[in-house]
$ cat query36.txt   # compact mmCIF, C-alpha atoms and all ligand atoms
# COMPACT_ATOMS: atom_id res chain seq x y z
CA MET A 1 107.89 -55.67 203.86
CA VAL A 2 107.54 -52.07 204.75
CA LYS A 3 104.90 -51.80 207.43
CA LYS A 4 103.29 -48.49 207.03
CA TYR A 5 100.19 -47.70 208.93
CA LEU A 6 98.74 -44.28 208.90
CA THR A 7 95.35 -43.13 209.93
CA MET A 8 94.31 -39.59 209.65
CA LEU A 9 91.32 -37.43 209.72
CA VAL A 10 91.24 -35.21 206.72
CA ILE A 11 88.99 -32.45 205.58
CA LEU A 12 89.71 -33.17 201.99
CA LEU A 13 87.60 -35.20 199.70
CA PHE A 14 89.77 -36.39 196.98
CA VAL A 15 89.74 -37.67 193.59
CA LEU A 16 92.18 -40.29 192.71
CA THR A 17 93.29 -42.16 189.80
CA GLY A 18 95.93 -43.95 188.14
CA CYS A 19 97.48 -42.52 191.28
CA THR A 20 96.59 -38.93 191.08
CA ALA A 21 95.03 -36.96 193.84
CA GLU A 22 93.14 -33.76 193.23
CA LYS A 23 92.34 -32.06 196.48
CA LYS A 24 88.97 -30.51 197.11
CA VAL A 25 87.55 -29.11 200.26
CA SER A 26 84.41 -30.94 201.24
CA THR A 27 82.87 -32.88 204.09
CA GLU A 28 84.88 -34.83 206.61
CA VAL A 29 86.42 -37.99 205.37
CA PHE A 30 88.29 -40.63 207.33
CA THR A 31 91.29 -41.97 205.47
CA ALA A 32 93.44 -44.95 206.40
CA GLU A 33 96.43 -46.27 204.52
CA LYS A 34 98.44 -49.47 204.60
CA TYR A 35 101.13 -51.06 202.44
CA LEU A 36 99.81 -54.38 201.11
CA LEU A 37 99.98 -56.34 197.83
CA GLY A 38 103.16 -54.44 197.03
CA THR A 39 101.44 -51.09 197.02
CA ASP A 40 99.80 -48.42 199.16
CA ILE A 41 96.15 -49.15 199.85
CA THR A 42 94.02 -46.19 200.88
CA VAL A 43 90.47 -46.38 202.16
CA SER A 44 88.44 -43.16 202.40
CA ILE A 45 85.04 -43.26 204.03
CA GLU A 46 82.73 -41.02 205.91
CA THR A 47 83.94 -40.13 209.37
CA GLY A 48 82.23 -42.05 212.13
CA GLU A 49 82.88 -43.96 215.33
CA GLU A 50 83.39 -47.22 213.49
CA ALA A 51 85.46 -45.85 210.61
CA ASN A 52 88.78 -47.02 211.99
CA LEU A 53 87.46 -50.53 212.70
CA ILE A 54 85.94 -50.80 209.24
CA CYS A 55 89.21 -49.79 207.59
CA ASN A 56 91.08 -52.34 209.69
CA GLU A 57 88.65 -55.02 208.57
CA VAL A 58 89.42 -54.07 204.96
CA PHE A 59 93.16 -54.27 205.57
CA SER A 60 92.99 -57.67 207.24
CA ARG A 61 90.99 -59.00 204.29
CA VAL A 62 93.53 -57.63 201.82
CA LYS A 63 96.37 -59.05 203.95
CA ASP A 64 94.65 -62.44 203.84
CA ILE A 65 94.47 -62.20 200.03
CA GLU A 66 98.17 -61.33 199.92
CA ASP A 67 99.04 -64.27 202.19
CA LYS A 68 97.08 -66.67 200.01
CA MET A 69 97.86 -65.39 196.53
CA SER A 70 101.26 -63.71 196.48
CA ALA A 71 103.74 -65.35 194.13
CA HIS A 72 106.57 -63.94 196.24
CA SER A 73 105.94 -65.32 199.70
CA GLY A 74 107.15 -68.91 200.01
CA ASP A 75 104.13 -70.38 201.73
CA SER A 76 101.20 -68.79 199.92
CA GLU A 77 98.76 -71.13 198.19
CA ILE A 78 100.04 -69.89 194.84
CA ALA A 79 103.65 -70.58 195.89
CA LEU A 80 102.62 -74.13 196.86
CA LEU A 81 100.80 -74.57 193.55
CA ASN A 82 103.94 -73.44 191.71
CA ALA A 83 106.20 -75.68 193.80
CA GLY A 84 103.95 -78.63 192.92
CA ALA A 85 104.16 -78.01 189.16
CA GLY A 86 104.68 -81.31 187.34
CA LYS A 87 104.45 -83.18 190.66
CA GLU A 88 101.22 -82.87 192.58
CA LYS A 89 97.99 -81.00 192.86
CA THR A 90 97.51 -78.36 195.54
CA VAL A 91 94.52 -77.85 197.80
CA LEU A 92 93.25 -74.27 197.60
CA SER A 93 90.95 -72.07 199.61
CA ALA A 94 87.67 -71.12 197.96
CA GLN A 95 89.00 -67.56 197.46
CA THR A 96 92.18 -68.54 195.64
CA TYR A 97 90.22 -71.04 193.58
CA HIS A 98 87.75 -68.31 192.63
CA VAL A 99 90.49 -65.92 191.52
CA LEU A 100 92.23 -68.66 189.50
CA SER A 101 88.95 -69.61 187.81
CA GLN A 102 88.22 -65.99 186.98
CA ALA A 103 91.79 -65.56 185.74
CA THR A 104 91.43 -68.46 183.32
CA GLU A 105 88.10 -67.09 182.15
CA PHE A 106 89.63 -63.71 181.36
CA ALA A 107 92.53 -65.49 179.71
CA ALA A 108 90.03 -67.18 177.40
CA ILE A 109 88.15 -63.93 176.76
CA THR A 110 91.37 -62.11 175.82
CA GLY A 111 92.59 -64.99 173.67
CA GLY A 112 95.48 -65.54 176.05
CA ALA A 113 96.74 -61.93 176.03
CA PHE A 114 96.09 -61.99 179.77
CA ASP A 115 97.46 -65.29 181.06
CA PRO A 116 97.86 -66.16 184.78
CA THR A 117 100.51 -68.76 183.90
CA ILE A 118 102.79 -65.92 182.72
CA GLY A 119 105.00 -66.44 185.81
CA SER A 120 107.98 -68.15 184.17
CA LEU A 121 108.39 -65.16 181.83
CA VAL A 122 107.86 -62.68 184.67
CA GLN A 123 110.65 -64.37 186.62
CA LEU A 124 112.93 -64.66 183.63
CA TRP A 125 112.74 -60.91 183.02
CA GLY A 126 113.19 -60.23 186.72
CA ILE A 127 109.91 -58.28 186.79
CA ASN A 128 108.74 -57.48 190.32
CA SER A 129 112.19 -58.44 191.66
CA GLY A 130 113.63 -54.96 191.33
CA ASN A 131 116.38 -56.63 189.35
CA GLY A 132 115.26 -56.57 185.75
CA LYS A 133 117.40 -58.18 183.04
CA VAL A 134 117.10 -58.95 179.35
CA PRO A 135 117.12 -62.75 178.96
CA VAL A 136 118.64 -64.65 176.05
CA GLU A 137 116.12 -65.56 173.34
CA GLN A 138 116.55 -69.30 173.87
CA ASP A 139 115.43 -68.99 177.49
CA ILE A 140 112.49 -66.82 176.44
CA GLN A 141 111.34 -69.52 174.03
CA LYS A 142 111.63 -72.18 176.74
CA SER A 143 109.51 -70.06 179.07
CA ILE A 144 106.90 -69.29 176.41
CA ALA A 145 106.34 -73.04 176.09
CA LEU A 146 105.33 -73.14 179.77
CA VAL A 147 102.82 -70.30 179.51
CA ASN A 148 99.37 -71.67 178.77
CA TYR A 149 96.32 -71.05 180.92
CA LYS A 150 94.56 -73.99 179.23
CA SER A 151 96.96 -76.42 180.88
CA LEU A 152 96.06 -75.27 184.39
CA GLN A 153 93.82 -77.96 185.89
CA LEU A 154 91.19 -76.68 188.30
CA ALA A 155 88.86 -79.05 190.11
CA GLN A 156 86.11 -78.52 192.64
CA ASP A 157 84.36 -81.26 194.57
CA GLY A 158 82.01 -79.76 197.10
CA THR A 159 84.13 -77.53 199.26
CA ASN A 160 87.36 -79.23 198.19
CA CYS A 161 89.18 -77.12 195.60
CA THR A 162 92.43 -78.10 193.93
CA ALA A 163 94.70 -76.89 191.16
CA TYR A 164 97.50 -78.55 189.25
CA LEU A 165 100.15 -77.27 186.86
CA PRO A 166 101.14 -80.30 184.75
CA HIS A 167 104.57 -79.11 183.63
CA GLN A 168 107.57 -78.60 185.82
CA GLY A 169 108.66 -74.95 185.78
CA GLN A 170 105.17 -73.58 185.20
CA ILE A 171 104.41 -70.59 187.39
CA VAL A 172 101.13 -68.88 188.16
CA ASP A 173 101.36 -65.12 188.76
CA LEU A 174 98.23 -63.27 189.84
CA GLY A 175 99.92 -59.85 189.78
CA GLY A 176 97.63 -58.71 186.98
CA ILE A 177 94.36 -59.59 188.74
CA ALA A 178 94.75 -59.93 192.54
CA LYS A 179 94.47 -56.20 193.26
CA GLY A 180 91.22 -56.07 191.33
CA TYR A 181 89.81 -58.92 193.39
CA ALA A 182 91.05 -57.30 196.60
CA GLY A 183 89.20 -54.12 195.62
CA ASP A 184 85.97 -56.08 195.18
CA GLU A 185 86.41 -57.72 198.57
CA ALA A 186 87.16 -54.37 200.20
CA LYS A 187 84.02 -52.92 198.66
CA GLN A 188 81.92 -55.79 200.03
CA ILE A 189 83.23 -55.08 203.53
CA LEU A 190 82.32 -51.41 203.26
CA LEU A 191 78.83 -52.24 201.97
CA ALA A 192 78.30 -54.82 204.72
CA ASN A 193 79.14 -52.08 207.21
CA GLY A 194 76.53 -49.77 205.77
CA ILE A 195 78.95 -47.49 203.92
CA LYS A 196 77.16 -45.99 200.94
CA SER A 197 79.83 -43.60 199.74
CA GLY A 198 83.57 -44.09 199.75
CA MET A 199 86.67 -44.71 197.76
CA ILE A 200 89.36 -47.36 197.86
CA ASN A 201 92.66 -46.83 196.06
CA LEU A 202 94.84 -49.90 195.61
CA GLY A 203 98.00 -48.45 194.09
CA GLY A 204 96.05 -46.72 191.35
CA ASN A 205 93.20 -49.22 191.07
CA ILE A 206 90.17 -47.20 192.12
CA VAL A 207 86.96 -48.53 193.59
CA ALA A 208 84.34 -45.79 193.82
CA ILE A 209 81.41 -46.71 196.05
CA GLY A 210 78.09 -45.01 195.36
CA LYS A 211 78.23 -41.30 194.66
CA LYS A 212 80.21 -38.71 196.55
CA LYS A 213 78.69 -37.72 199.87
CA ASP A 214 77.43 -34.42 198.44
CA GLY A 215 75.63 -36.28 195.67
CA SER A 216 78.08 -35.36 192.92
CA HIS A 217 79.99 -37.84 190.76
CA TRP A 218 83.41 -39.19 191.58
CA ARG A 219 86.07 -37.59 189.41
CA VAL A 220 88.90 -39.91 188.52
CA GLY A 221 92.03 -38.63 186.82
CA ILE A 222 93.59 -40.74 184.07
CA GLN A 223 97.35 -41.08 184.19
CA ASN A 224 99.38 -39.56 181.36
CA PRO A 225 101.51 -42.61 180.45
CA LEU A 226 104.34 -40.38 179.25
CA ALA A 227 104.59 -38.25 182.37
CA PRO A 228 105.59 -38.95 185.98
CA ARG A 229 103.14 -40.83 188.19
CA GLY A 230 100.39 -38.50 189.31
CA THR A 231 100.20 -36.44 186.11
CA PHE A 232 96.86 -36.93 184.43
CA LEU A 233 95.73 -36.29 180.89
CA GLY A 234 92.01 -36.26 181.53
CA ILE A 235 89.24 -36.78 184.03
CA VAL A 236 86.35 -39.22 183.93
CA GLN A 237 83.27 -38.80 186.09
CA LEU A 238 81.44 -41.85 187.35
CA ASP A 239 79.55 -43.49 190.21
CA ASP A 240 79.89 -46.90 191.77
CA LYS A 241 82.53 -48.37 189.45
CA SER A 242 85.99 -49.87 189.52
CA VAL A 243 88.63 -48.10 187.48
CA VAL A 244 91.85 -49.95 186.71
CA SER A 245 94.76 -48.77 184.57
CA SER A 246 97.68 -50.62 183.03
CA GLY A 247 100.57 -48.95 181.34
CA ALA A 248 104.19 -49.12 180.38
CA TYR A 249 104.90 -46.44 182.98
CA GLU A 250 104.14 -48.50 186.09
CA ARG A 251 107.25 -50.59 186.53
CA TYR A 252 110.17 -50.86 184.16
CA PHE A 253 113.93 -51.00 183.84
CA ILE A 254 116.23 -49.47 181.25
CA LYS A 255 118.98 -51.45 179.52
CA ASP A 256 121.19 -49.97 176.76
CA GLY A 257 118.80 -47.04 176.43
CA LYS A 258 115.74 -49.26 175.87
CA ARG A 259 112.86 -49.35 178.31
CA TYR A 260 111.50 -52.73 179.39
CA HIS A 261 108.19 -52.65 181.23
CA HIS A 262 106.30 -55.22 183.29
CA ILE A 263 103.49 -56.41 181.04
CA ILE A 264 104.58 -59.37 178.97
CA ASP A 265 103.06 -60.42 175.67
CA PRO A 266 102.66 -64.20 176.07
CA ASN A 267 103.10 -64.61 172.30
CA THR A 268 106.48 -62.95 172.00
CA GLY A 269 107.73 -63.48 175.55
CA HIS A 270 108.84 -59.84 175.54
CA PRO A 271 107.31 -56.75 177.18
CA SER A 272 104.24 -55.98 175.12
CA GLU A 273 104.84 -53.64 172.18
CA SER A 274 101.31 -53.01 171.08
CA ASP A 275 100.24 -49.60 169.78
CA LEU A 276 98.86 -48.74 173.24
CA ILE A 277 100.76 -46.97 175.99
CA GLY A 278 97.95 -46.87 178.52
CA VAL A 279 94.65 -48.62 179.14
CA THR A 280 91.97 -47.79 181.69
CA ILE A 281 89.07 -50.18 182.16
CA ILE A 282 85.89 -49.12 183.94
CA ALA A 283 83.60 -51.91 185.12
CA ASP A 284 81.37 -52.99 187.98
CA GLN A 285 83.81 -55.69 189.02
CA GLY A 286 87.39 -54.78 189.89
CA ILE A 287 88.57 -58.28 189.07
CA ALA A 288 87.28 -57.88 185.50
CA ALA A 289 88.73 -54.39 185.17
CA ASP A 290 92.16 -55.56 186.38
CA ALA A 291 92.46 -58.64 184.17
CA LEU A 292 91.11 -56.76 181.16
CA SER A 293 93.38 -53.73 181.61
CA THR A 294 96.39 -56.01 181.40
CA GLY A 295 94.90 -58.07 178.56
CA VAL A 296 93.74 -55.12 176.45
CA PHE A 297 97.13 -53.45 176.86
CA VAL A 298 98.69 -56.53 175.24
CA LEU A 299 95.96 -56.88 172.58
CA GLY A 300 96.43 -53.34 171.27
CA LEU A 301 93.98 -50.71 170.07
CA GLU A 302 91.90 -52.44 167.43
CA LYS A 303 91.43 -55.81 169.10
CA GLY A 304 91.17 -54.13 172.49
CA ILE A 305 88.27 -51.87 171.51
CA LYS A 306 86.51 -54.75 169.79
CA LEU A 307 86.80 -56.88 172.90
CA VAL A 308 85.61 -54.16 175.29
CA ASP A 309 82.67 -53.30 173.01
CA SER A 310 81.61 -56.95 173.11
CA LEU A 311 81.48 -57.04 176.92
CA GLN A 312 78.44 -55.72 178.71
CA GLY A 313 79.04 -53.15 181.43
CA VAL A 314 82.72 -52.81 180.55
CA ASP A 315 84.21 -49.61 179.14
CA ALA A 316 87.67 -48.37 178.36
CA ILE A 317 89.83 -45.32 177.80
CA LEU A 318 92.69 -46.30 175.51
CA ILE A 319 95.79 -44.20 174.95
CA ALA A 320 97.66 -44.93 171.76
CA ALA A 321 101.36 -44.39 171.20
CA ASP A 322 100.57 -41.54 168.77
CA LYS A 323 98.85 -39.67 171.64
CA LYS A 324 95.35 -40.29 170.39
CA VAL A 325 92.85 -41.15 173.10
CA PHE A 326 89.89 -43.45 172.43
CA THR A 327 86.85 -44.04 174.61
CA THR A 328 84.26 -46.79 174.25
CA ARG A 329 80.50 -46.24 174.01
CA GLY A 330 79.60 -46.21 177.69
CA ILE A 331 82.10 -43.47 178.63
CA GLU A 332 79.89 -40.42 178.74
CA ASP A 333 81.82 -38.04 180.85
CA PHE A 334 85.49 -38.02 179.97
CA LYS A 335 87.29 -34.70 179.61
CA LEU A 336 90.70 -34.48 178.04
CA THR A 337 92.73 -31.91 179.97
CA ASP A 338 96.16 -32.26 178.34
CA GLY A 339 96.43 -30.52 174.96
CA ASP A 340 99.29 -32.79 173.97
CA PHE A 341 96.76 -35.57 173.42
CA SER A 342 93.71 -35.63 171.16
CA LEU A 343 90.44 -37.54 171.25
P1 LIG A 401 99.94 -53.22 187.88
O1 LIG A 401 101.21 -53.91 188.19
O2 LIG A 401 100.08 -51.77 187.74
O3 LIG A 401 98.80 -53.63 188.74
P2 LIG A 401 98.79 -54.87 185.81
O4 LIG A 401 97.47 -55.08 186.44
O5 LIG A 401 98.77 -54.62 184.35
O6 LIG A 401 99.57 -53.65 186.41
O7 LIG A 401 99.61 -56.15 186.16
C1 LIG A 401 100.93 -56.35 185.75
C2 LIG A 401 101.47 -57.58 186.45
O8 LIG A 401 100.77 -58.74 185.97
C3 LIG A 401 102.93 -57.83 186.20
O9 LIG A 401 103.73 -57.27 187.21
C4 LIG A 401 103.02 -59.35 186.21
O10 LIG A 401 103.10 -59.82 187.55
C5 LIG A 401 101.68 -59.77 185.66
N1 LIG A 401 101.66 -59.89 184.18
C6 LIG A 401 102.54 -59.41 183.27
N2 LIG A 401 102.15 -59.71 182.01
C7 LIG A 401 100.98 -60.40 182.14
C8 LIG A 401 100.08 -61.01 181.20
N3 LIG A 401 100.28 -60.95 179.88
N4 LIG A 401 99.00 -61.67 181.70
C9 LIG A 401 98.77 -61.73 183.04
N5 LIG A 401 99.57 -61.18 183.96
C10 LIG A 401 100.66 -60.52 183.52
MG MG A 402 95.72 -55.84 185.61

$ encode --input "query36.txt" --output "structure tokens" --more "lines below"
Ligand code: ADP
Ligand code: MG
Amino acid sequence: MVKKYLTMLVILLFVLTGCTAEKKVSTEVFTAEKYLLGTDITVSIETGEEANLICNEVFSRVKDIEDKMSAHSGDSEIALLNAGAGKEKTVLSAQTYHVLSQATEFAAITGGAFDPTIGSLVQLWGINSGNGKVPVEQDIQKSIALVNYKSLQLAQDGTNCTAYLPHQGQIVDLGGIAKGYAGDEAKQILLANGIKSGMINLGGNIVAIGKKKDGSHWRVGIQNPLAPRGTFLGIVQLDDKSVVSSGAYERYFIKDGKRYHHIIDPNTGHPSESDLIGVTIIADQGIAADALSTGVFVLGLEKGIKLVDSLQGVDAILIAADKKVFTTRGIEDFKLTDGDFSL
């Protein structure tokens, strides 16, 4: 893993998004960055004596989450759970158990569009391996049969938490939810340290804490799914929320001129081909925003809006393939800035 550790004192207060930074001169902000969970994590807080220590505390918590929940490292709790599929149950830490329970809840809420047992399909397509390939349909069907969040057995007895995958070959993959949880944990550390204003960017997942230091709202750019990373089509203003985006632009490979992206529709076993090309969820909890951004992307526009409207405190900006942009009721301050799209 690339070990990148950068701390710097900047005089820029920035606005980030689906990975976009808009620079603005403002008060002094301390920014620290580290590569974790397969992405760059940036913490920006008010400058102070303790700022460096606080950021380090955030990074060690996120590292701990990576160590426990990564599907890639051989000895994470999730790797052990997967290795025990069809054989034995695995003892889990309270944190991993919590994320798995939440993941199955969001799987239920999205009718299985988000499914943490998607792993066999993710592996089959070579997603996250940097070595994507189009599988044969027979293998896809075999993998689909293993994807079912309802079969994941979670049990808690006092402080003893366990999980069991009953079928050999079943694989849990928390890639669609772990960053959201990590953002929530990072926020808790900042709050516990008395930070009232700050921003955490986990590879495009934004956690805005409080308001900006000068009392104004955070401005978060929304990625244009059809343009290179960092190009935004609009800006939403908000305070104290998590903002998570999913889109076909994040990770993909091209085979015979066709683009295959990294969000799989558990029903078809293929990269999702809904009428959406980008989804941003805004919620109090990052874990909810992350799971729902992946799930709503798979569900598509109509079902996606219906679902978001039914959830309290959850809002969405949905970008359809025909370049129409939809916002749900609670989004009060979204400005479209790219004339190629319409509201
Ligand atoms: P990002 O990778 O940008 O954080 P997402 O939050 O949408 O985007 O997560 C995508 C990741 O989630 C994939 O790389 C894969 O590991 C996993 N995944 C893919 N399809 C699904 C799905 N239908 N349900 C749950 N997780 C999924
Ligand atoms: Mg997600």

$ residues_near_ligand --input "query36.txt" --ligand "ligand LIG 401 (chain A)" --cutoff "6 Å" --atoms "only C-alpha atoms and all ligand atoms" --output "list in words"
Ala113, Phe114, Asp115, Pro116, Ile118, Asn128, Asp173, Gly175, Gly176, Ile177, Ser246, Glu250, His262, Ile263, Ile264, Asp265, Pro266, Asp290 and Thr294 of chain A

$ write_last_selection --input "query36.txt" --atoms "C-alpha atoms" --output "tab-separated table (two decimals), in the coordinates of the input"
chain	number	residue	atom	x	y	z
A	113	ALA	CA	96.74	-61.93	176.03
A	114	PHE	CA	96.09	-61.99	179.77
A	115	ASP	CA	97.46	-65.29	181.06
A	116	PRO	CA	97.86	-66.16	184.78
A	118	ILE	CA	102.79	-65.92	182.72
A	128	ASN	CA	108.74	-57.48	190.32
A	173	ASP	CA	101.36	-65.12	188.76
A	175	GLY	CA	99.92	-59.85	189.78
A	176	GLY	CA	97.63	-58.71	186.98
A	177	ILE	CA	94.36	-59.59	188.74
A	246	SER	CA	97.68	-50.62	183.03
A	250	GLU	CA	104.14	-48.50	186.09
A	262	HIS	CA	106.30	-55.22	183.29
A	263	ILE	CA	103.49	-56.41	181.04
A	264	ILE	CA	104.58	-59.37	178.97
A	265	ASP	CA	103.06	-60.42	175.67
A	266	PRO	CA	102.66	-64.20	176.07
A	290	ASP	CA	92.16	-55.56	186.38
A	294	THR	CA	96.39	-56.01	181.40

$ residues_near_ligand --input "query36.txt" --ligand "ligand MG 402 (chain A)" --cutoff "10 Å" --atoms "all atoms listed in the file" --output "PyMOL selection string"
chain A and resi 114+174-180+205+244-247+263+279-281+286-297

$ closest_residue --input "query36.txt" --among "A:Thr96, A:Thr47, A:Ser272, A:Ser342" --to "Ile65 in chain A" --atoms "only C-alpha atoms"
A:Thr96

$ residues_around --input "query36.txt" --residues "Glu137 in chain A" --least-positions-apart "4" --cutoff "12 Å" --atoms "all atoms listed in the file" --output "count of residues only"
10

$ residues_around --input "query36.txt" --residues "Thr328 in chain A" --least-positions-apart "6" --cutoff "10 Å" --atoms "only C-alpha atoms" --output "list in words"
Ile281, Ile305, Lys306, Val308, Asp309, Val314, Asp315, Ala316, Ile317 and Leu318 of chain A

$ residues_around --input "query36.txt" --residues "Gln285 in chain A" --least-positions-apart "6" --cutoff "8 Å" --atoms "only C-alpha atoms" --output "PyMOL selection string"
chain A and resi 180+184+241-242

$ atom_distance --input "query36.txt" --atom1 "CA of Glu185 in chain A" --atom2 "CA of Gly221 in chain A"
23.1 Å

$ closest_residue --input "query36.txt" --among "A:Gly126, A:Gly194, A:Gly119, A:Gly300" --to "Ala321 in chain A" --atoms "all atoms listed in the file"
A:Gly300

$ axis_aligned_box --input "query36.txt" --around "range 234-237 of chain A" --padding-each-side "6 Å" --output "AutoDock Vina command-line options"
--center_x 87.6 --center_y -37.7 --center_z 183.8 --size_x 20.7 --size_y 15.0 --size_z 16.6

$ closest_residue --input "query36.txt" --among "A:Thr117, A:Ser73, A:Asp157, A:Ala79" --to "Ala94 in chain A" --atoms "all atoms listed in the file"
A:Asp157

$ residues_around --input "query36.txt" --residues "Ala227 in chain A" --least-positions-apart "4" --cutoff "12 Å" --atoms "all atoms listed in the file" --output "VMD selection string"
chain A and resid 18 20 222 to 223 231 to 233 247 to 250 277 to 278 338 340

$ closest_residue --input "query36.txt" --among "A:Asn148, A:Thr159, A:Ser129, A:Asn52" --to "Tyr252 in chain A" --atoms "all atoms listed in the file"
A:Ser129

$ decode --input "query36.txt" --residues "range 159-166 of chain A" --atoms "all heavy atoms" --output "mmCIF file, in the first residue's frame"
data_model
loop_
_atom_site.group_PDB
_atom_site.id
_atom_site.type_symbol
_atom_site.label_atom_id
_atom_site.label_comp_id
_atom_site.auth_asym_id
_atom_site.auth_seq_id
_atom_site.Cartn_x
_atom_site.Cartn_y
_atom_site.Cartn_z
ATOM 1 N N THR A 159 -21.258 -9.455 24.819
ATOM 2 C CA THR A 159 -20.224 -8.790 24.026
ATOM 3 C C THR A 159 -19.677 -9.704 22.929
ATOM 4 O O THR A 159 -18.798 -9.317 22.164
ATOM 5 C CB THR A 159 -19.033 -8.352 24.918
ATOM 6 O OG1 THR A 159 -18.579 -9.498 25.634
ATOM 7 C CG2 THR A 159 -19.444 -7.240 25.863
ATOM 8 N N ASN A 160 -20.202 -10.933 22.883
ATOM 9 C CA ASN A 160 -19.708 -11.883 21.887
ATOM 10 C C ASN A 160 -20.511 -11.778 20.588
ATOM 11 O O ASN A 160 -21.697 -12.098 20.559
ATOM 12 C CB ASN A 160 -19.801 -13.308 22.475
ATOM 13 C CG ASN A 160 -19.197 -14.332 21.551
ATOM 14 O OD1 ASN A 160 -18.199 -14.055 20.875
ATOM 15 N ND2 ASN A 160 -19.817 -15.505 21.481
ATOM 16 N N CYS A 161 -19.843 -11.321 19.543
ATOM 17 C CA CYS A 161 -20.515 -11.151 18.247
ATOM 18 C C CYS A 161 -19.944 -12.145 17.243
ATOM 19 O O CYS A 161 -18.726 -12.308 17.155
ATOM 20 C CB CYS A 161 -20.284 -9.752 17.698
ATOM 21 S SG CYS A 161 -20.816 -8.439 18.787
ATOM 22 N N THR A 162 -20.838 -12.779 16.490
ATOM 23 C CA THR A 162 -20.364 -13.696 15.450
ATOM 24 C C THR A 162 -21.149 -13.501 14.165
ATOM 25 O O THR A 162 -22.247 -12.947 14.163
ATOM 26 C CB THR A 162 -20.535 -15.187 15.868
ATOM 27 O OG1 THR A 162 -21.919 -15.430 16.113
ATOM 28 C CG2 THR A 162 -19.710 -15.529 17.093
ATOM 29 N N ALA A 163 -20.547 -13.972 13.077
ATOM 30 C CA ALA A 163 -21.241 -13.970 11.786
ATOM 31 C C ALA A 163 -20.911 -15.264 11.061
ATOM 32 O O ALA A 163 -19.837 -15.852 11.272
ATOM 33 C CB ALA A 163 -20.802 -12.771 10.948
ATOM 34 N N TYR A 164 -21.845 -15.692 10.218
ATOM 35 C CA TYR A 164 -21.638 -16.932 9.470
ATOM 36 C C TYR A 164 -22.275 -16.824 8.090
ATOM 37 O O TYR A 164 -23.430 -16.411 7.949
ATOM 38 C CB TYR A 164 -22.257 -18.102 10.243
ATOM 39 C CG TYR A 164 -22.143 -19.440 9.546
ATOM 40 C CD1 TYR A 164 -20.906 -19.929 9.135
ATOM 41 C CD2 TYR A 164 -23.277 -20.225 9.302
ATOM 42 C CE1 TYR A 164 -20.801 -21.153 8.489
ATOM 43 C CE2 TYR A 164 -23.184 -21.458 8.662
ATOM 44 C CZ TYR A 164 -21.940 -21.912 8.251
ATOM 45 O OH TYR A 164 -21.831 -23.115 7.606
ATOM 46 N N LEU A 165 -21.486 -17.186 7.094
ATOM 47 C CA LEU A 165 -21.998 -17.285 5.718
ATOM 48 C C LEU A 165 -22.224 -18.777 5.453
ATOM 49 O O LEU A 165 -21.278 -19.556 5.467
ATOM 50 C CB LEU A 165 -20.961 -16.729 4.733
ATOM 51 C CG LEU A 165 -20.748 -15.215 4.752
ATOM 52 C CD1 LEU A 165 -19.442 -14.838 4.050
ATOM 53 C CD2 LEU A 165 -21.926 -14.495 4.100
ATOM 54 N N PRO A 166 -23.466 -19.197 5.246
ATOM 55 C CA PRO A 166 -23.754 -20.641 5.199
ATOM 56 C C PRO A 166 -23.278 -21.361 3.930
ATOM 57 O O PRO A 166 -23.173 -22.584 3.935
ATOM 58 C CB PRO A 166 -25.276 -20.698 5.321
ATOM 59 C CG PRO A 166 -25.764 -19.369 4.880
ATOM 60 C CD PRO A 166 -24.698 -18.383 5.189
#
